[in-house]
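Novice: What follows is protein_39.cif, made up of mmCIF, C-alpha atoms:
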```
data_work
loop_
_atom_site.label_atom_id
_atom_site.label_comp_id
_atom_site.auth_asym_id
_atom_site.auth_seq_id
_atom_site.Cartn_x
_atom_site.Cartn_y
_atom_site.Cartn_z
CA MET A 1 -170.21 -116.93 -149.80
CA ASN A 2 -167.02 -115.19 -150.88
CA ASP A 3 -163.53 -116.24 -149.79
CA SER A 4 -162.90 -115.14 -146.23
CA PRO A 5 -160.01 -112.87 -145.31
CA GLY A 6 -156.95 -114.48 -143.68
CA ALA A 7 -155.84 -114.10 -140.07
CA THR A 8 -153.35 -111.30 -140.81
CA THR A 9 -156.00 -109.22 -142.58
CA LEU A 10 -158.37 -109.83 -139.68
CA LEU A 11 -155.75 -108.72 -137.16
CA TRP A 12 -155.32 -105.33 -138.86
CA GLN A 13 -159.00 -104.92 -139.62
CA PHE A 14 -160.01 -105.53 -135.99
CA ALA A 15 -157.18 -103.35 -134.70
CA LEU A 16 -158.73 -100.54 -136.76
CA TYR A 17 -162.23 -101.37 -135.50
CA SER A 18 -160.99 -101.38 -131.91
CA LEU A 19 -160.00 -97.73 -132.02
CA MET A 20 -163.54 -96.78 -133.08
CA ALA A 21 -165.21 -98.89 -130.39
CA VAL A 22 -166.37 -96.07 -128.13
CA GLY A 23 -168.99 -97.67 -125.89
CA GLY A 24 -167.41 -101.12 -126.05
CA ALA A 25 -167.36 -103.97 -128.52
CA ASN A 26 -171.14 -104.12 -128.87
CA ALA A 27 -171.20 -100.57 -130.25
CA LEU A 28 -169.12 -101.85 -133.17
CA LEU A 29 -171.32 -104.77 -134.17
CA PRO A 30 -173.41 -102.92 -136.79
CA GLU A 31 -170.17 -101.82 -138.47
CA ILE A 32 -168.72 -105.34 -138.38
CA HIS A 33 -172.03 -106.76 -139.61
CA GLN A 34 -172.06 -104.30 -142.49
CA ASP A 35 -168.51 -105.18 -143.58
CA ILE A 36 -168.66 -108.93 -143.07
CA VAL A 37 -172.24 -109.83 -144.00
CA ALA A 38 -173.58 -107.05 -146.24
CA THR A 39 -170.44 -106.00 -148.14
CA GLY A 40 -168.08 -108.96 -147.81
CA HIS A 41 -170.61 -111.82 -147.99
CA TRP A 42 -168.26 -113.85 -145.81
CA MET A 43 -171.05 -115.21 -143.65
CA THR A 44 -174.85 -115.12 -143.56
CA ASP A 45 -177.12 -113.09 -141.31
CA ALA A 46 -178.06 -116.32 -139.54
CA ASP A 47 -174.40 -117.21 -138.86
CA PHE A 48 -173.79 -113.74 -137.47
CA THR A 49 -176.76 -113.80 -135.08
CA GLN A 50 -175.89 -117.31 -133.92
CA LEU A 51 -172.31 -116.29 -133.09
CA PHE A 52 -173.66 -113.25 -131.26
CA ALA A 53 -176.05 -115.46 -129.27
CA ILE A 54 -173.31 -117.96 -128.32
CA ALA A 55 -170.98 -115.15 -127.20
CA GLN A 56 -173.70 -113.57 -125.07
CA ALA A 57 -174.60 -116.86 -123.44
CA ALA A 58 -170.96 -117.70 -122.58
CA PRO A 59 -169.16 -116.30 -119.52
CA GLY A 60 -166.65 -113.49 -120.01
CA PRO A 61 -166.54 -110.04 -121.55
CA ASN A 62 -168.90 -109.23 -124.46
CA VAL A 63 -165.88 -108.64 -126.67
CA LEU A 64 -165.65 -112.41 -127.20
CA VAL A 65 -168.17 -112.13 -130.04
CA VAL A 66 -165.20 -111.04 -132.19
CA THR A 67 -163.37 -114.24 -131.16
CA LEU A 68 -166.18 -116.25 -132.71
CA ILE A 69 -166.34 -114.09 -135.83
CA GLY A 70 -162.61 -114.69 -136.31
CA TRP A 71 -163.02 -118.42 -135.70
CA LYS A 72 -165.83 -118.63 -138.25
CA LEU A 73 -163.82 -116.75 -140.88
CA ALA A 74 -160.32 -118.18 -140.38
CA GLY A 75 -160.29 -120.90 -137.73
CA PHE A 76 -158.30 -120.80 -134.51
CA THR A 77 -155.68 -118.30 -135.77
CA GLY A 78 -158.57 -116.12 -136.93
CA ALA A 79 -160.07 -116.25 -133.44
CA LEU A 80 -156.75 -115.26 -131.93
CA ALA A 81 -156.20 -112.51 -134.54
CA CYS A 82 -159.60 -110.88 -133.99
CA THR A 83 -159.33 -111.05 -130.19
CA VAL A 84 -155.81 -109.60 -130.09
CA GLY A 85 -156.67 -107.01 -132.76
CA MET A 86 -159.72 -105.91 -130.79
CA CYS A 87 -158.04 -105.81 -127.36
CA ALA A 88 -154.39 -104.86 -127.85
CA PRO A 89 -154.61 -101.30 -129.29
CA PRO A 90 -157.12 -100.12 -126.66
CA ALA A 91 -155.03 -101.85 -123.97
CA LEU A 92 -151.89 -99.95 -125.04
CA LEU A 93 -153.88 -96.73 -125.08
CA SER A 94 -155.37 -97.46 -121.64
CA TYR A 95 -151.92 -98.22 -120.30
CA GLN A 96 -150.61 -94.83 -121.36
CA VAL A 97 -153.72 -92.82 -120.54
CA GLY A 98 -154.21 -94.56 -117.18
CA ARG A 99 -150.99 -92.99 -115.94
CA LEU A 100 -152.11 -89.50 -116.99
CA TRP A 101 -155.74 -89.81 -115.92
CA GLN A 102 -155.12 -89.46 -112.18
CA ARG A 103 -152.93 -86.45 -112.75
CA PHE A 104 -155.71 -84.70 -114.68
CA SER A 105 -158.35 -85.55 -112.07
CA GLY A 106 -160.70 -82.59 -111.62
CA THR A 107 -159.27 -80.55 -114.51
CA ARG A 108 -161.49 -78.90 -117.07
CA TRP A 109 -160.02 -80.95 -119.95
CA ARG A 110 -160.88 -84.18 -118.29
CA ARG A 111 -164.44 -83.11 -117.55
CA THR A 112 -164.79 -81.88 -121.13
CA ILE A 113 -163.77 -85.28 -122.49
CA GLU A 114 -166.12 -87.09 -120.11
CA PHE A 115 -168.90 -84.71 -121.10
CA ALA A 116 -168.31 -85.28 -124.81
CA LEU A 117 -167.98 -89.04 -124.78
CA ALA A 118 -170.90 -89.97 -122.53
CA PRO A 119 -173.66 -89.06 -125.04
CA ILE A 120 -171.68 -90.38 -128.01
CA SER A 121 -171.25 -93.80 -126.44
CA ALA A 122 -174.91 -93.86 -125.33
CA GLY A 123 -175.99 -93.09 -128.89
CA LEU A 124 -173.70 -95.72 -130.40
CA VAL A 125 -174.77 -98.47 -127.99
CA LEU A 126 -178.44 -97.64 -128.60
CA GLY A 127 -177.79 -97.70 -132.33
CA SER A 128 -176.09 -101.05 -131.99
CA GLY A 129 -179.02 -102.46 -129.99
CA THR A 130 -181.45 -101.25 -132.67
CA ALA A 131 -179.38 -102.80 -135.45
CA LEU A 132 -179.03 -106.10 -133.58
CA VAL A 133 -182.77 -106.27 -132.91
CA ARG A 134 -183.36 -105.63 -136.60
CA VAL A 135 -181.11 -108.57 -137.56
CA SER A 136 -182.21 -111.04 -134.89
CA ALA A 137 -185.95 -110.31 -134.65
CA ILE A 138 -186.97 -112.47 -137.61
CA ASP A 139 -190.69 -112.34 -136.75
CA ALA A 140 -193.14 -110.78 -134.31
CA SER A 141 -192.49 -113.30 -131.53
CA HIS A 142 -188.74 -112.67 -131.63
CA LEU A 143 -189.38 -108.95 -131.62
CA ALA A 144 -191.49 -109.49 -128.49
CA ILE A 145 -188.62 -111.42 -126.85
CA ALA A 146 -186.19 -108.60 -127.68
CA GLY A 147 -188.61 -106.01 -126.32
CA ALA A 148 -189.23 -107.96 -123.12
CA CYS A 149 -185.48 -108.39 -122.52
CA ALA A 150 -184.87 -104.70 -123.19
CA ILE A 151 -187.45 -103.74 -120.57
CA ALA A 152 -186.29 -106.39 -118.08
CA GLY A 153 -182.63 -105.47 -118.57
CA PHE A 154 -183.32 -101.80 -118.01
CA THR A 155 -185.67 -102.03 -115.06
CA SER A 156 -184.11 -104.92 -113.12
CA ARG A 157 -180.71 -105.28 -111.49
CA ARG A 158 -180.87 -109.07 -111.73
CA ASN A 159 -178.08 -110.89 -113.57
CA PRO A 160 -178.97 -110.58 -117.29
CA LEU A 161 -178.24 -114.27 -117.77
CA TRP A 162 -181.70 -114.97 -116.28
CA TRP A 163 -183.36 -113.05 -119.11
CA LEU A 164 -181.33 -114.99 -121.67
CA LEU A 165 -182.43 -118.25 -120.02
CA LEU A 166 -186.06 -117.11 -120.24
CA ALA A 167 -185.53 -116.20 -123.89
CA ALA A 168 -184.04 -119.64 -124.52
CA SER A 169 -187.04 -121.32 -122.88
CA ALA A 170 -189.42 -119.21 -124.96
CA GLY A 171 -187.53 -120.21 -128.13
CA ALA A 172 -187.70 -123.90 -127.19
CA ALA A 173 -191.40 -123.66 -126.31
CA MET A 174 -192.28 -121.91 -129.59
CA HIS A 175 -190.40 -124.56 -131.55
CA LEU A 176 -192.08 -127.46 -129.75
CA LEU A 177 -195.53 -125.87 -130.18
CA GLN A 178 -194.93 -125.56 -133.90
CA GLN A 179 -193.98 -129.22 -134.07
CA ALA A 180 -197.09 -130.32 -132.19
CA MET B 181 -153.81 -95.08 -100.87
CA GLN B 182 -155.24 -98.56 -101.15
CA ALA B 183 -155.74 -100.72 -98.10
CA HIS B 184 -154.77 -103.91 -99.95
CA SER B 185 -152.17 -104.15 -102.66
CA PRO B 186 -152.41 -107.38 -104.67
CA SER B 187 -149.52 -109.65 -105.61
CA LYS B 188 -148.99 -110.44 -109.30
CA LEU B 189 -150.55 -113.86 -108.87
CA ALA B 190 -153.56 -112.33 -107.11
CA LEU B 191 -154.05 -109.88 -110.01
CA PHE B 192 -154.22 -112.79 -112.41
CA THR B 193 -156.50 -114.99 -110.30
CA GLY B 194 -158.76 -112.07 -109.31
CA PHE B 195 -159.50 -111.19 -112.93
CA LEU B 196 -159.68 -114.87 -113.87
CA GLN B 197 -162.45 -115.22 -111.31
CA CYS B 198 -164.37 -112.22 -112.77
CA GLY B 199 -164.01 -113.56 -116.30
CA LEU B 200 -165.39 -116.96 -115.36
CA ALA B 201 -168.21 -115.58 -113.22
CA GLY B 202 -169.14 -112.96 -115.78
CA PHE B 203 -172.23 -114.43 -117.37
CA GLY B 204 -174.12 -111.71 -119.21
CA GLY B 205 -171.43 -109.08 -118.63
CA VAL B 206 -168.38 -108.89 -116.40
CA LEU B 207 -168.82 -105.41 -114.99
CA PRO B 208 -170.88 -106.18 -111.85
CA HIS B 209 -168.52 -109.03 -110.95
CA ALA B 210 -165.47 -106.84 -111.47
CA ARG B 211 -166.89 -104.19 -109.16
CA SER B 212 -167.62 -106.62 -106.34
CA MET B 213 -164.23 -108.33 -106.73
CA LEU B 214 -162.20 -105.10 -106.79
CA VAL B 215 -164.13 -103.12 -104.20
CA ASP B 216 -165.99 -105.51 -101.86
CA ASP B 217 -164.06 -108.79 -101.81
CA ARG B 218 -160.42 -107.92 -102.31
CA LYS B 219 -160.50 -104.21 -101.47
CA TRP B 220 -157.88 -103.23 -104.05
CA LEU B 221 -159.88 -100.11 -104.91
CA THR B 222 -162.33 -97.89 -103.07
CA GLU B 223 -165.79 -97.30 -104.53
CA ASP B 224 -164.72 -93.87 -105.80
CA GLU B 225 -161.51 -95.16 -107.35
CA PHE B 226 -163.49 -97.84 -109.16
CA ALA B 227 -166.03 -95.32 -110.49
CA ASP B 228 -163.14 -93.16 -111.66
CA LEU B 229 -161.37 -96.01 -113.48
CA LEU B 230 -164.62 -97.21 -115.01
CA GLY B 231 -165.24 -93.70 -116.33
CA LEU B 232 -161.80 -93.85 -117.93
CA GLY B 233 -162.44 -97.33 -119.36
CA GLN B 234 -165.68 -96.09 -120.92
CA CYS B 235 -164.08 -92.98 -122.40
CA LEU B 236 -161.40 -94.98 -124.16
CA PRO B 237 -162.26 -97.03 -127.22
CA GLY B 238 -162.31 -100.80 -126.94
CA PRO B 239 -163.82 -103.27 -124.50
CA ASN B 240 -164.48 -101.24 -121.33
CA ILE B 241 -163.79 -103.98 -118.85
CA CYS B 242 -160.49 -104.95 -120.50
CA ASN B 243 -159.42 -101.32 -120.32
CA VAL B 244 -160.22 -101.30 -116.60
CA ALA B 245 -158.19 -104.50 -116.10
CA VAL B 246 -155.19 -102.93 -117.86
CA VAL B 247 -155.33 -99.77 -115.76
CA VAL B 248 -155.75 -101.70 -112.49
CA GLY B 249 -152.91 -104.08 -113.39
CA GLN B 250 -150.69 -101.18 -114.40
CA ARG B 251 -151.38 -99.31 -111.18
CA PHE B 252 -150.12 -102.17 -108.99
CA HIS B 253 -147.48 -103.91 -111.10
CA GLY B 254 -146.74 -101.84 -114.21
CA ALA B 255 -146.64 -103.55 -117.60
CA THR B 256 -146.45 -107.06 -116.11
CA GLY B 257 -149.51 -106.34 -114.01
CA ALA B 258 -151.45 -105.03 -117.02
CA ILE B 259 -150.63 -108.16 -119.04
CA LEU B 260 -151.46 -110.54 -116.17
CA ALA B 261 -154.79 -108.84 -115.45
CA SER B 262 -155.83 -108.92 -119.14
CA LEU B 263 -154.79 -112.54 -119.61
CA GLY B 264 -156.64 -113.49 -116.45
CA LEU B 265 -159.79 -111.77 -117.68
CA LEU B 266 -159.78 -113.06 -121.27
CA GLY B 267 -157.87 -116.35 -121.22
CA ALA B 268 -160.41 -118.81 -119.85
CA PRO B 269 -163.52 -117.27 -121.50
CA PHE B 270 -161.67 -117.30 -124.85
CA PHE B 271 -161.42 -121.09 -124.76
CA ILE B 272 -164.88 -121.57 -123.29
CA VAL B 273 -166.59 -119.54 -126.01
CA LEU B 274 -164.68 -121.45 -128.71
CA SER B 275 -165.65 -124.78 -127.16
CA LEU B 276 -169.30 -123.71 -127.12
CA ALA B 277 -169.09 -122.72 -130.79
CA LEU B 278 -167.54 -126.10 -131.66
CA LEU B 279 -170.26 -127.91 -129.72
CA TYR B 280 -172.88 -125.86 -131.49
CA GLU B 281 -171.35 -126.69 -134.87
CA ARG B 282 -171.76 -130.38 -134.05
CA TRP B 283 -175.44 -130.03 -133.20
CA ALA B 284 -176.24 -127.30 -135.75
CA ASP B 285 -178.65 -129.60 -137.58
CA SER B 286 -180.90 -129.63 -134.56
CA ALA B 287 -183.88 -127.40 -135.33
CA LEU B 288 -184.59 -127.11 -131.61
CA LEU B 289 -181.11 -125.75 -130.88
CA THR B 290 -181.35 -123.28 -133.76
CA ALA B 291 -184.72 -122.07 -132.46
CA ILE B 292 -183.26 -121.64 -128.95
CA LEU B 293 -180.25 -119.74 -130.23
CA GLN B 294 -182.42 -117.49 -132.41
CA ALA B 295 -184.47 -116.58 -129.34
CA VAL B 296 -181.32 -116.00 -127.25
CA ALA B 297 -179.95 -113.70 -129.98
CA ALA B 298 -183.16 -111.65 -129.95
CA GLY B 299 -183.05 -111.50 -126.14
CA ALA B 300 -179.38 -110.50 -126.13
CA ALA B 301 -180.10 -107.77 -128.70
CA GLY B 302 -182.77 -106.50 -126.33
CA LEU B 303 -180.20 -106.47 -123.51
CA VAL B 304 -177.82 -104.34 -125.61
CA LEU B 305 -180.72 -101.96 -126.12
CA ALA B 306 -181.26 -101.96 -122.35
CA THR B 307 -177.59 -101.00 -121.80
CA GLY B 308 -178.04 -98.15 -124.26
CA ILE B 309 -181.18 -96.94 -122.50
CA ARG B 310 -179.38 -97.13 -119.16
CA LEU B 311 -176.45 -95.06 -120.50
CA LEU B 312 -178.96 -92.59 -121.91
CA SER B 313 -180.82 -92.33 -118.61
CA ARG B 314 -177.58 -91.45 -116.80
CA LEU B 315 -176.83 -88.52 -119.11
CA LYS B 316 -177.30 -84.97 -117.95
CA ARG B 317 -180.80 -83.84 -118.95
CA ARG B 318 -179.63 -81.09 -121.25
CA ALA B 319 -180.83 -80.53 -124.79
CA GLU B 320 -177.35 -80.37 -126.31
CA VAL B 321 -176.25 -83.61 -124.60
CA LEU B 322 -179.34 -85.51 -125.72
CA LEU B 323 -178.97 -84.06 -129.22
CA ILE B 324 -175.44 -85.49 -129.49
CA ALA B 325 -176.71 -88.93 -128.43
CA LEU B 326 -179.56 -88.66 -130.97
CA MET B 327 -177.14 -87.68 -133.74
CA GLY B 328 -174.97 -90.72 -132.94
CA LEU B 329 -178.03 -92.99 -133.05
CA THR B 330 -179.29 -91.44 -136.31
CA GLY B 331 -175.90 -91.65 -137.97
CA VAL B 332 -175.46 -95.33 -137.22
CA VAL B 333 -179.02 -96.62 -137.62
CA TRP B 334 -180.74 -94.59 -140.30
CA LEU B 335 -177.95 -92.97 -142.30
CA LYS B 336 -175.79 -96.11 -141.90
CA LEU B 337 -172.66 -93.97 -141.82
CA PRO B 338 -169.34 -95.68 -141.06
CA LEU B 339 -168.53 -95.42 -137.37
CA VAL B 340 -165.34 -93.48 -138.01
CA ILE B 341 -167.32 -90.74 -139.82
CA VAL B 342 -169.83 -90.54 -136.96
CA LEU B 343 -166.99 -90.23 -134.44
CA LEU B 344 -165.09 -87.64 -136.48
CA LEU B 345 -168.26 -85.55 -136.75
CA LEU B 346 -169.48 -85.90 -133.17
CA ALA B 347 -166.23 -85.77 -131.16
CA PRO B 348 -165.44 -82.12 -132.06
CA ILE B 349 -169.07 -81.13 -131.45
CA GLY B 350 -169.08 -82.92 -128.09
CA ILE B 351 -165.75 -81.44 -127.03
CA GLY B 352 -166.85 -77.96 -128.11
CA VAL B 353 -170.13 -78.22 -126.20
CA GLY B 354 -168.34 -79.79 -123.23
CA TRP B 355 -165.70 -77.06 -123.13
CA TYR B 356 -168.44 -74.45 -123.14
CA ALA B 357 -170.50 -76.29 -120.51
CA THR B 358 -167.57 -76.65 -118.09
CA ARG B 359 -166.57 -72.96 -118.28
CA GLY B 360 -165.95 -71.20 -114.98
CA LYS B 361 -166.09 -74.44 -112.97
CA THR B 362 -162.48 -75.31 -112.25
#
```
Would you mind writing the file out in structure tokens?

Specialist:
Amino acid sequence: MNDSPGATTLLWQFALYSLMAVGGANALLPEIHQDIVATGHWMTDADFTQLFAIAQAAPGPNVLVVTLIGWKLAGFTGALACTVGMCAPPALLSYQVGRLWQRFSGTRWRRTIEFALAPISAGLVLGSGTALVRVSAIDASHLAIAGACAIAGFTSRRNPLWWLLLAASAGAAMHLLQQA
Amino acid sequence: MQAHSPSKLALFTGFLQCGLAGFGGVLPHARSMLVDDRKWLTEDEFADLLGLGQCLPGPNICNVAVVVGQRFHGATGAILASLGLLGAPFFIVLSLALLYERWADSALLTAILQAVAAGAAGLVLATGIRLLSRLKRRAEVLLIALMGLTGVVWLKLPLVIVLLLLAPIGIGVGWYATRGKT
């Protein structure tokens, strides 16, 4: 593993990421994975998927995966830096745009922007899901778990935490069967 | 005109409650808190703000919290709503990671987490499919989504390049598609 970047570097890096995060934090994960695991060698694939799993299993917004990435790379200040970097620039933008948005309600510009961004964010989130499956599905059984959760998550309105619990049970069962 | 206008404290505690309840995604909890329980927004106002939160870069639900906070109490409201949403989960997720670090040698725990990661990746895919299924069934719209997917997954282009290429195309197509409908 190479030396990790410090908290200040992380703050700026994640502030830059945040402005590209159309479709939410999950849409960014392939990009972050590329920079941190493939190019930077600051953590392993296994570390990255474990942090992702912990963040998904915890309560709160999905964006908290960046908190854990920061913590892994630079401790508590790293966690703070990544979270603030990821949330503050979009928050400032939302603050300003939120005041204009109502005024432009029903205008052609606003509908144009909505029209343009809907398919882009759908494509990016799908791309992110594909990339995450590629990293986390280490064998056929994990691919099956990912596929089952994709179908369950799309077709059912149930709280997605149930599907993660089922996935966890499947993981435990597979491990215990291998031991036996 | 909203029926109920929250105090500053209520803004904080309302979003705190969503953050803590938000296992597997905060959005459904935020909707029921804002619209059903506390009646700060109507269903239409919520849909409108969510549309805005999704158009802007960054975590959608945090963007919604900022806009809701700002609407009722300006900058203070925006800060209180965001802190309420993120504060408690921030410490919880770190505690979980620390706990995991302690038990990382456990092969059982690693196997469980590996399965949860695969499941969670599947759920991200499900969100993508759901977004895709809500799009207008028009060739040019689906083509833009496909180009985004291709750019990120197969060409492995940096996100900023994908956005710089697709945003003008999307806006051009959108401007053309919305002609004569003002």

Novice: Which residue is closest to Leu164 of chain A? Choose from B:Ala298, B:Leu326, B:Ile351, B:Val342 and count all atoms listed in the file.

Specialist: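 Nearest to Leu164 of chain A: B:Ala298.
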
Novice: Expanded to explicit residues, what is the PyMOL selection byres ((chain A and resi 25) around 9) for this file, as a VMD selection string?

Specialist: (chain A and resid 18 21 to 24 26 to 29 62 to 66 86) or (chain B and resid 237 to 240)

Novice: When distances are computed from only C-alpha atoms, which of A:Ala74, A:Ser136, A:Ala152, A:Val84 shows the smallest separation from Tyr17 of chain A?

Specialist: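 Once distances to Tyr17 of chain A are computed over only C-alpha atoms, the minimum belongs to A:Val84.
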
Novice: Could you write out as a ChimeraX atom specification the residues that the PyMOL selection byres ((chain B) within 6 of (chain A)) matches in the shown file?

Specialist: /B:199-200,202-206,237-240,243,247,269,273,291-292,295-299,301-306,308,311-312,324-325,328-329,332-333,350-351,354-355

Novice: How many Å separate atom CA of Thr9 of chain A from atom CA of Ala38 of chain A?

Specialist: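 Computed distance, atom CA of Thr9 of chain A to atom CA of Ala38 of chain A, equals 18.1 Å.
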
Novice: Would you compute the distance between atom CA of Ser187 of chain B and atom CA of Phe104 of chain A? Give it in Å to one decimal.

Specialist: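 Pair atom CA of Ser187 of chain B / atom CA of Phe104 of chain A returns 27.3 Å.
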
Novice: Quick one: pull the distance between atom CA of Cys82 of chain A and atom CA of Gly70 of chain A, Å, one decimal.

Specialist: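 Going from atom CA of Cys82 of chain A over to atom CA of Gly70 of chain A, I get 5.4 Å.
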
Novice: Report as a ChimeraX atom specification all protein, DNA and RNA residues lying within 12 Å of segment 210-217 of chain B, evaluated on only C-alpha atoms, omitting residues in the same chain fewer than 5 positions from it.

Specialist: /A:60-61 /B:182-186,190-191,193-203,205,222-230,240-242,244-245,248-249,261,265
